[in-house]
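Listing of model.txt, compact mmCIF, C-alpha atoms
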```txt
# COMPACT_ATOMS: atom_id res chain seq x y z
CA MET A 18 -3.28 14.88 -0.19
CA THR A 19 -1.52 16.46 2.79
CA ASP A 20 1.57 18.66 3.03
CA VAL A 21 1.21 20.04 -0.49
CA ALA A 22 3.81 22.79 -0.79
CA VAL A 23 3.22 26.23 -2.34
CA ASP A 24 6.03 28.70 -3.13
CA GLU A 25 5.00 31.28 -5.73
CA ARG A 26 6.15 34.78 -6.73
CA ALA A 27 4.13 37.45 -8.56
CA ASN A 28 3.67 41.21 -8.72
CA ASP A 29 1.80 41.10 -5.43
CA GLU A 30 0.95 38.60 -2.72
CA VAL A 31 -2.68 38.21 -3.81
CA ALA A 32 -1.68 37.17 -7.32
CA ALA A 33 1.04 34.91 -5.93
CA LYS A 34 -1.48 33.21 -3.64
CA SER A 35 -4.02 32.65 -6.41
CA THR A 36 -1.45 31.29 -8.84
CA GLY A 37 0.33 29.20 -6.18
CA ILE A 38 -2.80 27.52 -4.85
CA ALA A 39 -4.01 26.64 -8.36
CA LYS A 40 -0.62 25.15 -9.19
CA ALA A 41 -0.56 23.20 -5.91
CA GLN A 42 -4.00 21.74 -6.62
CA ARG A 43 -2.86 20.58 -10.07
CA ASN A 44 0.26 19.03 -8.55
CA ALA A 45 -1.79 17.30 -5.85
CA LEU A 46 -4.16 15.79 -8.43
CA ARG A 47 -1.25 14.61 -10.56
CA LYS A 48 0.41 13.05 -7.50
CA LEU A 49 -2.84 11.30 -6.53
CA MET A 50 -3.28 9.83 -10.02
CA GLU A 51 0.33 8.66 -10.03
CA ARG A 52 -0.15 6.99 -6.65
CA MET A 53 -3.13 5.05 -8.02
CA THR A 54 -1.50 3.89 -11.27
CA LEU A 55 1.51 1.91 -12.43
CA ARG A 56 4.66 3.89 -13.16
CA ALA A 57 4.67 2.55 -16.73
CA ASP A 58 1.27 4.21 -17.27
CA HIS A 59 2.21 7.64 -15.90
CA PRO A 60 2.99 9.07 -19.38
CA ARG A 61 -0.60 8.21 -20.39
CA LEU A 62 -2.24 9.98 -17.46
CA PRO A 63 -4.59 12.85 -18.35
CA GLU A 64 -3.18 16.31 -17.79
CA ALA A 65 -4.17 17.82 -14.44
CA THR A 66 -5.58 21.04 -15.91
CA ASP A 67 -7.57 23.65 -13.99
CA ASP A 68 -10.72 22.26 -15.63
CA VAL A 69 -9.99 18.71 -14.44
CA VAL A 70 -9.17 20.04 -10.97
CA SER A 71 -12.48 21.91 -10.80
CA ARG A 72 -14.34 18.71 -11.76
CA THR A 73 -12.63 16.59 -9.10
CA LEU A 74 -11.81 18.97 -6.23
CA ARG A 75 -13.74 18.46 -3.02
CA ASP A 76 -12.05 21.07 -0.81
CA PHE A 77 -8.70 22.30 0.45
CA VAL A 78 -7.33 23.75 3.67
CA VAL A 79 -4.37 26.08 4.10
CA THR A 80 -2.46 24.76 7.12
CA GLU A 81 0.42 27.27 7.01
CA GLU A 82 1.07 30.40 5.00
CA LYS A 83 3.48 33.34 4.77
CA PHE A 84 3.35 36.52 2.66
CA GLY A 85 5.98 39.07 1.75
CA GLY A 86 7.61 40.84 -1.18
CA GLY A 87 5.29 39.38 -3.78
CA ARG A 88 5.97 35.87 -2.52
CA TYR A 89 3.47 33.38 -1.11
CA ILE A 90 4.61 30.30 0.83
CA ALA A 91 2.07 27.82 2.17
CA THR A 92 1.23 24.22 2.94
CA LEU A 93 -2.11 22.78 1.84
CA SER A 94 -4.25 19.75 2.48
CA VAL A 95 -6.24 18.98 -0.68
CA ARG A 96 -9.14 16.51 -0.98
CA PHE A 97 -10.69 15.23 -4.19
CA ASN A 98 -14.00 13.46 -4.82
CA PRO A 99 -13.08 9.78 -5.26
CA GLU A 100 -15.75 8.96 -7.84
CA ASP A 101 -14.84 12.00 -9.95
CA VAL A 102 -11.17 10.99 -9.95
CA ARG A 103 -12.17 7.45 -10.94
CA GLU A 104 -14.20 8.79 -13.87
CA VAL A 105 -11.26 10.88 -15.09
CA LEU A 106 -8.98 7.83 -15.03
CA ARG A 107 -11.59 5.57 -16.62
CA GLY A 108 -12.11 8.13 -19.36
CA SER A 109 -8.38 8.11 -20.10
CA GLY A 110 -8.29 4.31 -20.30
CA VAL A 111 -5.58 4.04 -17.64
CA PRO A 112 -6.19 1.16 -15.18
CA PHE A 113 -5.88 2.14 -11.54
CA ALA A 114 -5.87 0.71 -8.02
CA GLU A 115 -7.39 2.46 -5.05
CA ILE A 116 -7.60 -0.25 -2.39
CA GLN A 117 -5.10 0.55 0.34
CA SER A 118 -3.43 -2.28 2.20
CA ARG A 119 -3.42 -2.24 5.96
CA PRO A 120 0.10 -1.62 7.35
CA ASN A 121 2.61 -4.42 6.83
CA LEU A 122 5.47 -5.04 9.23
CA MET A 123 8.96 -4.71 7.74
CA LEU A 124 11.72 -7.00 9.08
CA PRO A 125 15.13 -5.95 7.64
CA VAL A 126 17.57 -8.90 7.93
CA TYR A 127 21.24 -8.24 7.14
CA GLN A 128 23.96 -10.73 6.22
CA SER A 129 27.62 -9.77 6.15
CA ALA A 130 30.89 -11.53 6.97
CA GLY A 131 29.07 -14.71 7.98
CA SER A 132 26.67 -12.98 10.39
CA THR A 133 22.89 -12.85 10.06
CA LEU A 134 21.42 -9.89 11.94
CA LEU A 135 17.93 -8.65 12.70
CA TRP A 136 17.74 -7.27 16.23
CA ASP A 137 21.50 -7.20 16.87
CA GLU A 138 23.40 -3.97 16.49
CA PRO A 139 24.94 -2.74 14.37
CA ASN A 140 22.44 -3.61 11.65
CA PRO A 141 22.97 -0.85 9.06
CA TRP A 142 20.15 -2.26 6.89
CA PHE A 143 17.65 -1.80 9.75
CA ASP A 144 19.10 1.68 10.37
CA ALA A 145 18.41 2.64 6.76
CA TRP A 146 14.70 1.91 7.25
CA LEU A 147 14.74 3.95 10.48
CA ARG A 148 16.20 6.93 8.57
CA ARG A 149 13.52 7.10 5.90
CA ASP A 150 9.92 8.21 6.20
CA LEU A 151 7.85 5.04 6.11
CA PRO A 152 5.38 4.97 3.21
CA THR A 153 1.75 5.82 3.86
CA GLY A 154 0.36 5.30 0.35
CA LEU A 155 -1.34 2.16 -0.95
CA VAL A 156 1.14 -0.05 0.95
CA PRO A 157 1.88 1.47 4.38
CA LEU A 158 4.78 -0.04 6.30
CA THR A 159 5.63 -0.11 9.96
CA LEU A 160 8.84 -1.05 11.77
CA PRO A 161 9.21 -3.00 15.02
CA LEU A 162 10.55 -1.13 18.04
CA ARG A 163 13.63 -3.36 18.15
CA ASP A 164 13.23 -3.90 21.89
CA LEU A 165 13.85 -6.94 24.08
CA SER A 166 10.34 -8.31 23.61
CA ASP A 167 10.91 -8.49 19.84
CA ILE A 168 13.85 -10.86 20.35
CA SER A 169 11.57 -13.39 22.01
CA GLU A 170 9.00 -13.08 19.21
CA ILE A 171 11.16 -14.07 16.24
CA THR A 172 14.82 -14.56 15.33
CA ALA A 173 16.53 -13.66 12.09
CA GLU A 174 16.74 -17.35 11.19
CA GLN A 175 13.02 -17.89 11.85
CA ALA A 176 12.15 -14.86 9.74
CA LEU A 177 14.26 -16.16 6.83
CA ALA A 178 12.72 -19.62 7.18
CA GLY A 179 9.22 -18.16 6.96
CA ASP A 180 8.16 -19.55 10.35
CA GLU A 181 4.40 -19.07 10.02
CA GLY A 182 3.62 -19.00 13.73
CA ARG A 183 6.42 -16.57 14.59
CA LEU A 184 5.60 -14.28 11.68
CA ARG A 185 1.93 -14.22 12.66
CA SER A 186 2.83 -13.53 16.29
CA ILE A 187 5.00 -10.50 15.61
CA ALA A 188 2.55 -9.20 13.01
CA GLU A 189 -0.22 -9.32 15.61
CA LYS A 190 2.00 -7.57 18.14
CA TYR A 191 2.35 -4.58 15.81
CA LYS A 192 -1.17 -4.88 14.32
CA GLY A 193 0.34 -5.67 10.93
CA PHE A 194 -1.77 -7.06 8.09
CA GLY A 195 1.22 -8.99 6.75
CA VAL A 196 4.99 -9.19 7.08
CA VAL A 197 7.76 -8.28 4.65
CA VAL A 198 11.11 -9.97 5.29
CA ALA A 199 13.82 -8.06 3.39
CA LEU A 200 17.16 -9.88 3.37
CA ALA A 201 20.14 -7.78 2.27
CA LYS A 202 23.51 -9.47 1.65
CA HIS A 203 26.57 -7.23 1.51
CA ARG A 204 29.09 -7.83 -1.27
CA VAL A 205 32.21 -5.91 -2.36
CA ASP A 206 33.44 -5.74 -5.95
CA PRO A 207 37.10 -6.91 -5.69
CA ALA A 208 38.05 -4.85 -8.74
CA GLY A 209 36.30 -1.58 -8.07
CA LYS A 210 35.99 -1.86 -4.30
CA LEU A 211 32.40 -0.66 -4.64
CA PRO A 212 29.82 -2.15 -2.26
CA SER A 213 26.82 -3.99 -3.62
CA LEU A 214 23.74 -5.62 -2.13
CA GLU A 215 21.85 -8.75 -3.05
CA VAL A 216 18.30 -8.38 -1.79
CA ALA A 217 15.62 -11.03 -1.43
CA MET A 218 12.26 -9.60 -0.35
CA THR A 219 9.57 -12.04 0.77
CA THR A 220 6.02 -10.79 1.36
CA TYR A 221 3.68 -12.81 3.57
CA LEU A 222 0.00 -11.82 3.36
CA PRO A 223 -2.97 -13.65 4.92
CA GLY A 224 -4.39 -16.34 2.68
CA GLU A 225 -1.71 -15.95 0.00
CA ALA A 226 1.42 -17.84 -0.95
CA ALA A 227 4.66 -16.10 -0.03
CA ARG A 228 5.91 -13.84 -2.81
CA VAL A 229 9.68 -13.54 -3.33
CA THR A 230 11.50 -10.94 -5.41
CA THR A 231 15.27 -10.74 -5.76
CA ARG A 232 17.35 -7.84 -7.01
CA GLY A 233 20.93 -6.65 -7.02
CA PHE A 234 22.04 -3.11 -6.26
CA GLN A 235 25.48 -1.63 -7.03
CA ALA A 236 26.85 1.54 -5.47
CA ARG A 237 27.95 4.31 -7.79
CA GLU A 238 31.22 6.17 -7.51
CA GLY A 239 31.05 8.48 -4.51
CA THR A 240 28.21 6.54 -2.84
CA ASP A 241 29.06 4.93 0.49
CA LEU A 242 27.39 1.86 1.97
CA ASP A 243 24.82 3.89 3.92
CA GLY A 244 23.85 5.68 0.73
CA LEU A 245 23.42 2.34 -1.01
CA PHE A 246 21.20 1.10 1.82
CA ASP A 247 19.03 4.21 1.51
CA LEU A 248 18.70 3.85 -2.26
CA THR A 249 17.84 0.17 -1.91
CA ALA A 250 15.14 0.84 0.69
CA ASP A 251 13.57 3.43 -1.62
CA GLU A 252 13.54 0.98 -4.53
CA LEU A 253 11.97 -1.78 -2.45
CA VAL A 254 9.13 0.54 -1.41
CA ILE A 255 8.46 1.23 -5.09
CA GLU A 256 8.56 -2.53 -5.80
CA LEU A 257 6.02 -3.24 -3.05
CA GLU A 258 3.66 -0.53 -4.26
CA GLU A 259 3.90 -1.57 -7.90
CA ALA A 260 3.19 -5.21 -7.02
CA TRP A 261 0.15 -4.20 -4.96
CA LYS A 262 -1.18 -2.03 -7.79
CA ARG A 263 -0.74 -4.82 -10.35
CA ASP A 264 -2.71 -7.18 -8.12
CA ASN A 265 -5.54 -4.69 -7.57
CA LEU A 266 -5.92 -2.81 -10.85
CA GLU A 267 -9.41 -1.91 -11.94
CA ARG A 268 -9.78 -2.31 -15.69
CA ALA A 269 -12.54 -1.14 -17.99
CA GLY A 270 -15.40 -3.61 -18.32
CA SER A 271 -14.28 -5.65 -15.31
CA GLN A 272 -17.63 -5.62 -13.43
CA GLN A 273 -19.13 -9.02 -12.68
CA GLN A 274 -21.38 -10.82 -10.23
CA ILE A 275 -20.92 -13.92 -8.10
CA ARG A 276 -23.01 -15.61 -5.43
CA VAL A 277 -21.38 -16.10 -2.02
CA LEU A 278 -22.50 -18.08 1.00
CA VAL A 279 -22.15 -16.54 4.46
CA PRO A 280 -22.46 -18.99 7.40
CA VAL A 281 -24.26 -17.30 10.31
CA SER A 282 -25.22 -18.33 13.82
CA ARG A 283 -26.59 -14.99 15.03
CA LEU A 284 -28.18 -12.01 13.32
CA SER A 285 -25.41 -9.77 14.64
CA ASP A 286 -22.81 -11.96 12.87
CA TRP A 287 -24.59 -11.55 9.55
CA LEU A 288 -24.97 -7.80 9.99
CA ASP A 289 -21.26 -7.45 10.76
CA VAL A 290 -20.22 -9.42 7.65
CA LYS A 291 -22.72 -7.49 5.53
CA ARG A 292 -21.35 -4.15 6.78
CA LYS A 293 -17.77 -5.17 6.04
CA MET A 294 -18.58 -6.46 2.54
CA SER A 295 -20.48 -3.30 1.61
CA SER A 296 -17.56 -1.13 2.81
CA VAL A 297 -15.22 -2.62 0.17
CA PRO A 298 -14.78 0.03 -2.60
CA SER A 299 -14.88 -2.56 -5.40
CA VAL A 300 -18.24 -3.96 -4.23
CA LYS A 301 -20.87 -2.10 -6.22
CA GLY A 302 -23.99 -3.99 -5.22
CA MET A 303 -25.33 -6.60 -2.79
CA ASN A 304 -28.55 -8.55 -3.14
CA VAL A 305 -29.60 -11.03 -0.46
CA ALA A 306 -31.07 -13.98 -2.35
CA ARG A 307 -31.79 -16.06 0.75
CA LEU A 308 -31.39 -15.67 4.51
CA SER A 309 -31.87 -18.53 6.96
CA VAL A 310 -30.88 -19.17 10.56
CA ARG A 311 -27.67 -20.84 9.36
CA GLU A 312 -26.67 -19.17 6.13
CA ALA A 313 -27.09 -16.19 3.85
CA GLU A 314 -26.85 -16.35 0.07
CA VAL A 315 -25.70 -13.06 -1.40
CA ASP A 316 -25.22 -11.91 -4.99
CA LEU A 317 -22.22 -9.58 -5.05
CA THR A 318 -21.62 -7.20 -7.93
CA PHE A 319 -17.99 -6.08 -7.94
CA LEU A 320 -15.19 -4.69 -10.06
CA GLY A 321 -12.21 -6.88 -10.86
CA GLU A 322 -11.55 -10.59 -10.52
CA PRO A 323 -12.57 -12.95 -7.67
CA GLU A 324 -8.97 -13.01 -6.42
CA GLN A 325 -8.99 -9.21 -6.15
CA LEU A 326 -12.27 -9.38 -4.26
CA ARG A 327 -10.80 -12.02 -1.95
CA ARG A 328 -7.83 -9.74 -1.22
CA ALA A 329 -10.08 -6.74 -0.57
CA LEU A 330 -12.25 -8.77 1.83
CA ALA A 331 -9.13 -9.98 3.64
CA LEU A 332 -8.37 -6.34 4.49
CA LYS A 333 -11.71 -6.36 6.33
CA ASP A 334 -10.77 -9.57 8.20
CA LEU A 335 -13.06 -11.68 6.03
CA ASP A 336 -11.92 -14.94 4.45
CA MET A 337 -13.29 -15.82 1.02
CA THR A 338 -12.64 -19.41 -0.08
CA TYR A 339 -14.08 -21.71 -2.69
CA ALA A 340 -15.90 -24.69 -1.16
CA GLU A 341 -15.69 -27.63 -3.57
CA ASP A 342 -18.43 -29.54 -1.73
CA LYS A 343 -20.85 -26.66 -2.20
CA SER A 344 -19.50 -25.47 -5.57
CA ALA A 345 -19.67 -21.94 -4.20
CA TRP A 346 -17.62 -19.16 -2.66
CA VAL A 347 -17.88 -18.88 1.12
CA VAL A 348 -17.23 -15.68 3.09
CA ARG A 349 -16.71 -15.81 6.85
CA PRO A 350 -14.93 -13.77 9.54
CA ARG A 351 -11.24 -14.65 9.78
CA SER A 352 -11.53 -15.42 13.48
CA ALA A 353 -14.17 -18.08 12.77
CA GLU A 354 -13.05 -21.71 13.02
```

Can you dump the structure from the file as structure tokens?
Amino acid sequence: MTDVAVDERANDEVAAKSTGIAKAQRNALRKLMERMTLRADHPRLPEATDDVVSRTLRDFVVTEEKFGGGRYIATLSVRFNPEDVREVLRGSGVPFAEIQSRPNLMLPVYQSAGSTLLWDEPNPWFDAWLRRDLPTGLVPLTLPLRDLSDISEITAEQALAGDEGRLRSIAEKYKGFGVVVALAKHRVDPAGKLPSLEVAMTTYLPGEAARVTTRGFQAREGTDLDGLFDLTADELVIELEEAWKRDNLERAGSQQQIRVLVPVSRLSDWLDVKRKMSSVPSVKGMNVARLSVREAEVDLTFLGEPEQLRRALALKDLDMTYAEDKSAWVVRPRSAE
């Protein structure tokens, strides 16, 4: 965890530093466990005590610090041992997800007064995403530059229609794993004159059906339209992260084994696929049952369900599909025809 803040007072700076760093480490561990688990499970998380920190802490670095008047102010970077954190969560019985998506491209489309806007200005919905820090957790997001070349890549109408070719093209331009099209429609309550938004968020990921979620957001008294946009963007980030966690939760007793076929034409191709499969955190074992000049048969031991494994392999640019004619799962590089 980076940018972990410390601000502690005590009788002297040495005591303030010791107490502040210990508190920051506990806060960092708690934040890490919350990032890996569903919000509904946060009350069941184990307490981040000094003992638990000592069992899981790998190291920490003080990046900035100030002393004075019995006060210690600092910023830390704290690292924990992944397997130790997993064991703490498994011991508590709280399911968790640790697979991080590659960055997805966010396309904020805005509809108001009969206009549908993406690249055009003003687009206050796009501006709201520019104002916030883009998430870097399990579901990182990136925004397009909004320049002239983007206009030729995809229009607002094509984004809303889910134009596969256009979506793939702009995702590749920004090295995005997938694309999130977030449509916000502006409404005004005739009685209260308070603005509201109807939001339809569609997530397009490789090898998966489009996923659509719709929600309504109402401004509170004293909140202007920009404030409502900011609140809505924050809530959508939470929605994306929660959905990703639900799809990738590791549950107790979920380890299983399947046999996969890997078509190969060269030894280097096989070695590349093997390296990528073994780098997936949920893959716990690989046993090559047979290797020929055309194909490898591999027994994979992994945590989770086959669909979770398929999603994890997709992050490594590997496609995993079930071949009916072979009655087996087949894994091949995504670029392969």

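Ranking A:Leu335, A:Val216, A:Leu326, A:Leu184 by their shortest atom-to-atom distance to Val290 of chain A, with all atoms listed in the file included, puts A:Leu335 first.
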
Edge lengths and centre in Å to one decimal, as JSON, of the axis-aligned box that encloses all listed atoms of segment 301-306 of chain A with 8 Å added on every side?
```
{"center_x": -26.0, "center_y": -8.0, "center_z": -3.3, "size_x": 26.2, "size_y": 27.9, "size_z": 21.8}
```

Using all atoms listed in the file, find each residue in segment 22-68 of chain A having at least one atom no more than 8 Å away from segment 112-118 of chain A; report its shortest atom-to-atom pair and that distance in Å (one decimal), rows by chain then rising number, as JSON lines.
```
{"residue": "A:Met53", "atom": "CA", "partner": "A:Ala114", "partner_atom": "CA", "distance": 5.1}
{"residue": "A:Thr54", "atom": "CA", "partner": "A:Phe113", "partner_atom": "CA", "distance": 4.7}
{"residue": "A:Leu55", "atom": "CA", "partner": "A:Phe113", "partner_atom": "CA", "distance": 7.4}
```

Legend entry - Close residues, Val70 of chain A itself excluded, 7 Å, only C-alpha atoms, min 4 positions apart in chain, as an MDAnalysis selection string: chainID A and resid 42:43 65:66 74

Legend entry - Distance criterion (all atoms listed in the file): nearest to Arg328 of chain A out of A:Val21, A:Val297, A:Leu151, A:Val310: A:Val297

Inset, instruction - Show which residues sit within 10 Å of Glu238 of chain A, as a ChimeraX atom specification. Count only C-alpha atoms, and ignore same-chain residues fewer than 3 positions away. - result: /A:209-212,235,241

Inset, instruction - Quick one: everything within 7 Å of segment 88-92 of chain A, counting only C-alpha atoms, minus sequence neighbours fewer than 3 positions away in the same chain. Send it as an MDAnalysis selection string. - result: chainID A and resid 20:27 30 33:34 79:85

Those selected residues, please, written with C-alpha atoms and delivered as an mmCIF file, in the frame of the given file.
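And here's out-v4.cif as it stands now:
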```cif
data_model
loop_
_atom_site.group_PDB
_atom_site.id
_atom_site.type_symbol
_atom_site.label_atom_id
_atom_site.label_comp_id
_atom_site.auth_asym_id
_atom_site.auth_seq_id
_atom_site.Cartn_x
_atom_site.Cartn_y
_atom_site.Cartn_z
ATOM 1 C CA ASP A 20 1.570 18.660 3.030
ATOM 2 C CA VAL A 21 1.210 20.040 -0.490
ATOM 3 C CA ALA A 22 3.810 22.790 -0.790
ATOM 4 C CA VAL A 23 3.220 26.230 -2.340
ATOM 5 C CA ASP A 24 6.030 28.700 -3.130
ATOM 6 C CA GLU A 25 5.000 31.280 -5.730
ATOM 7 C CA ARG A 26 6.150 34.780 -6.730
ATOM 8 C CA ALA A 27 4.130 37.450 -8.560
ATOM 9 C CA GLU A 30 0.950 38.600 -2.720
ATOM 10 C CA ALA A 33 1.040 34.910 -5.930
ATOM 11 C CA LYS A 34 -1.480 33.210 -3.640
ATOM 12 C CA VAL A 79 -4.370 26.080 4.100
ATOM 13 C CA THR A 80 -2.460 24.760 7.120
ATOM 14 C CA GLU A 81 0.420 27.270 7.010
ATOM 15 C CA GLU A 82 1.070 30.400 5.000
ATOM 16 C CA LYS A 83 3.480 33.340 4.770
ATOM 17 C CA PHE A 84 3.350 36.520 2.660
ATOM 18 C CA GLY A 85 5.980 39.070 1.750
#
```

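From atom CA of Gly131 of chain A back to atom CA of Phe143 of chain A, the distance works out to 17.3 Å.
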
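Across the model, the gap from atom CA of Thr159 of chain A to atom CA of Leu248 of chain A is 18.3 Å.
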
Legend entry - Answer as a ChimeraX atom specification, residues within 12 Å of (-15.6, 9.2, -7.0) using all atoms listed in the file: /A:72-75,96-107,115,298-299

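A straight line drawn from atom CA of Lys190 of chain A to atom CA of Ala260 of chain A is 25.3 Å long.
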
Inset, instruction - Using only C-alpha atoms, find the one residue out of A:Asn28, A:Ser166, A:Asn44, A:Ser132 that sits nearest to Gly86 of chain A. - result: A:Asn28

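Residue nearest Met218 of chain A within the list A:Trp136, A:Phe319, A:Trp346, A:Tyr127: A:Tyr127 [criterion: smallest interatomic distance, all atoms listed in the file].
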
Inset, instruction - Skip Ser186 of chain A itself and residues of its chain fewer than 4 positions away, then list as number ranges by chain all residues within 12 Å of it, counting all atoms listed in the file. - result: A: 122, 166-167, 169-171, 175-176, 180-182, 190-196

Please dump the current selection as a CSV table (one decimal), in the frame of the given file; keep C-alpha atoms.
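Saved file out.csv follows:
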```csv
chain,number,residue,atom,x,y,z
A,122,LEU,CA,5.5,-5.0,9.2
A,166,SER,CA,10.3,-8.3,23.6
A,167,ASP,CA,10.9,-8.5,19.8
A,169,SER,CA,11.6,-13.4,22.0
A,170,GLU,CA,9.0,-13.1,19.2
A,171,ILE,CA,11.2,-14.1,16.2
A,175,GLN,CA,13.0,-17.9,11.8
A,176,ALA,CA,12.2,-14.9,9.7
A,180,ASP,CA,8.2,-19.6,10.4
A,181,GLU,CA,4.4,-19.1,10.0
A,182,GLY,CA,3.6,-19.0,13.7
A,190,LYS,CA,2.0,-7.6,18.1
A,191,TYR,CA,2.4,-4.6,15.8
A,192,LYS,CA,-1.2,-4.9,14.3
A,193,GLY,CA,0.3,-5.7,10.9
A,194,PHE,CA,-1.8,-7.1,8.1
A,195,GLY,CA,1.2,-9.0,6.8
A,196,VAL,CA,5.0,-9.2,7.1
```
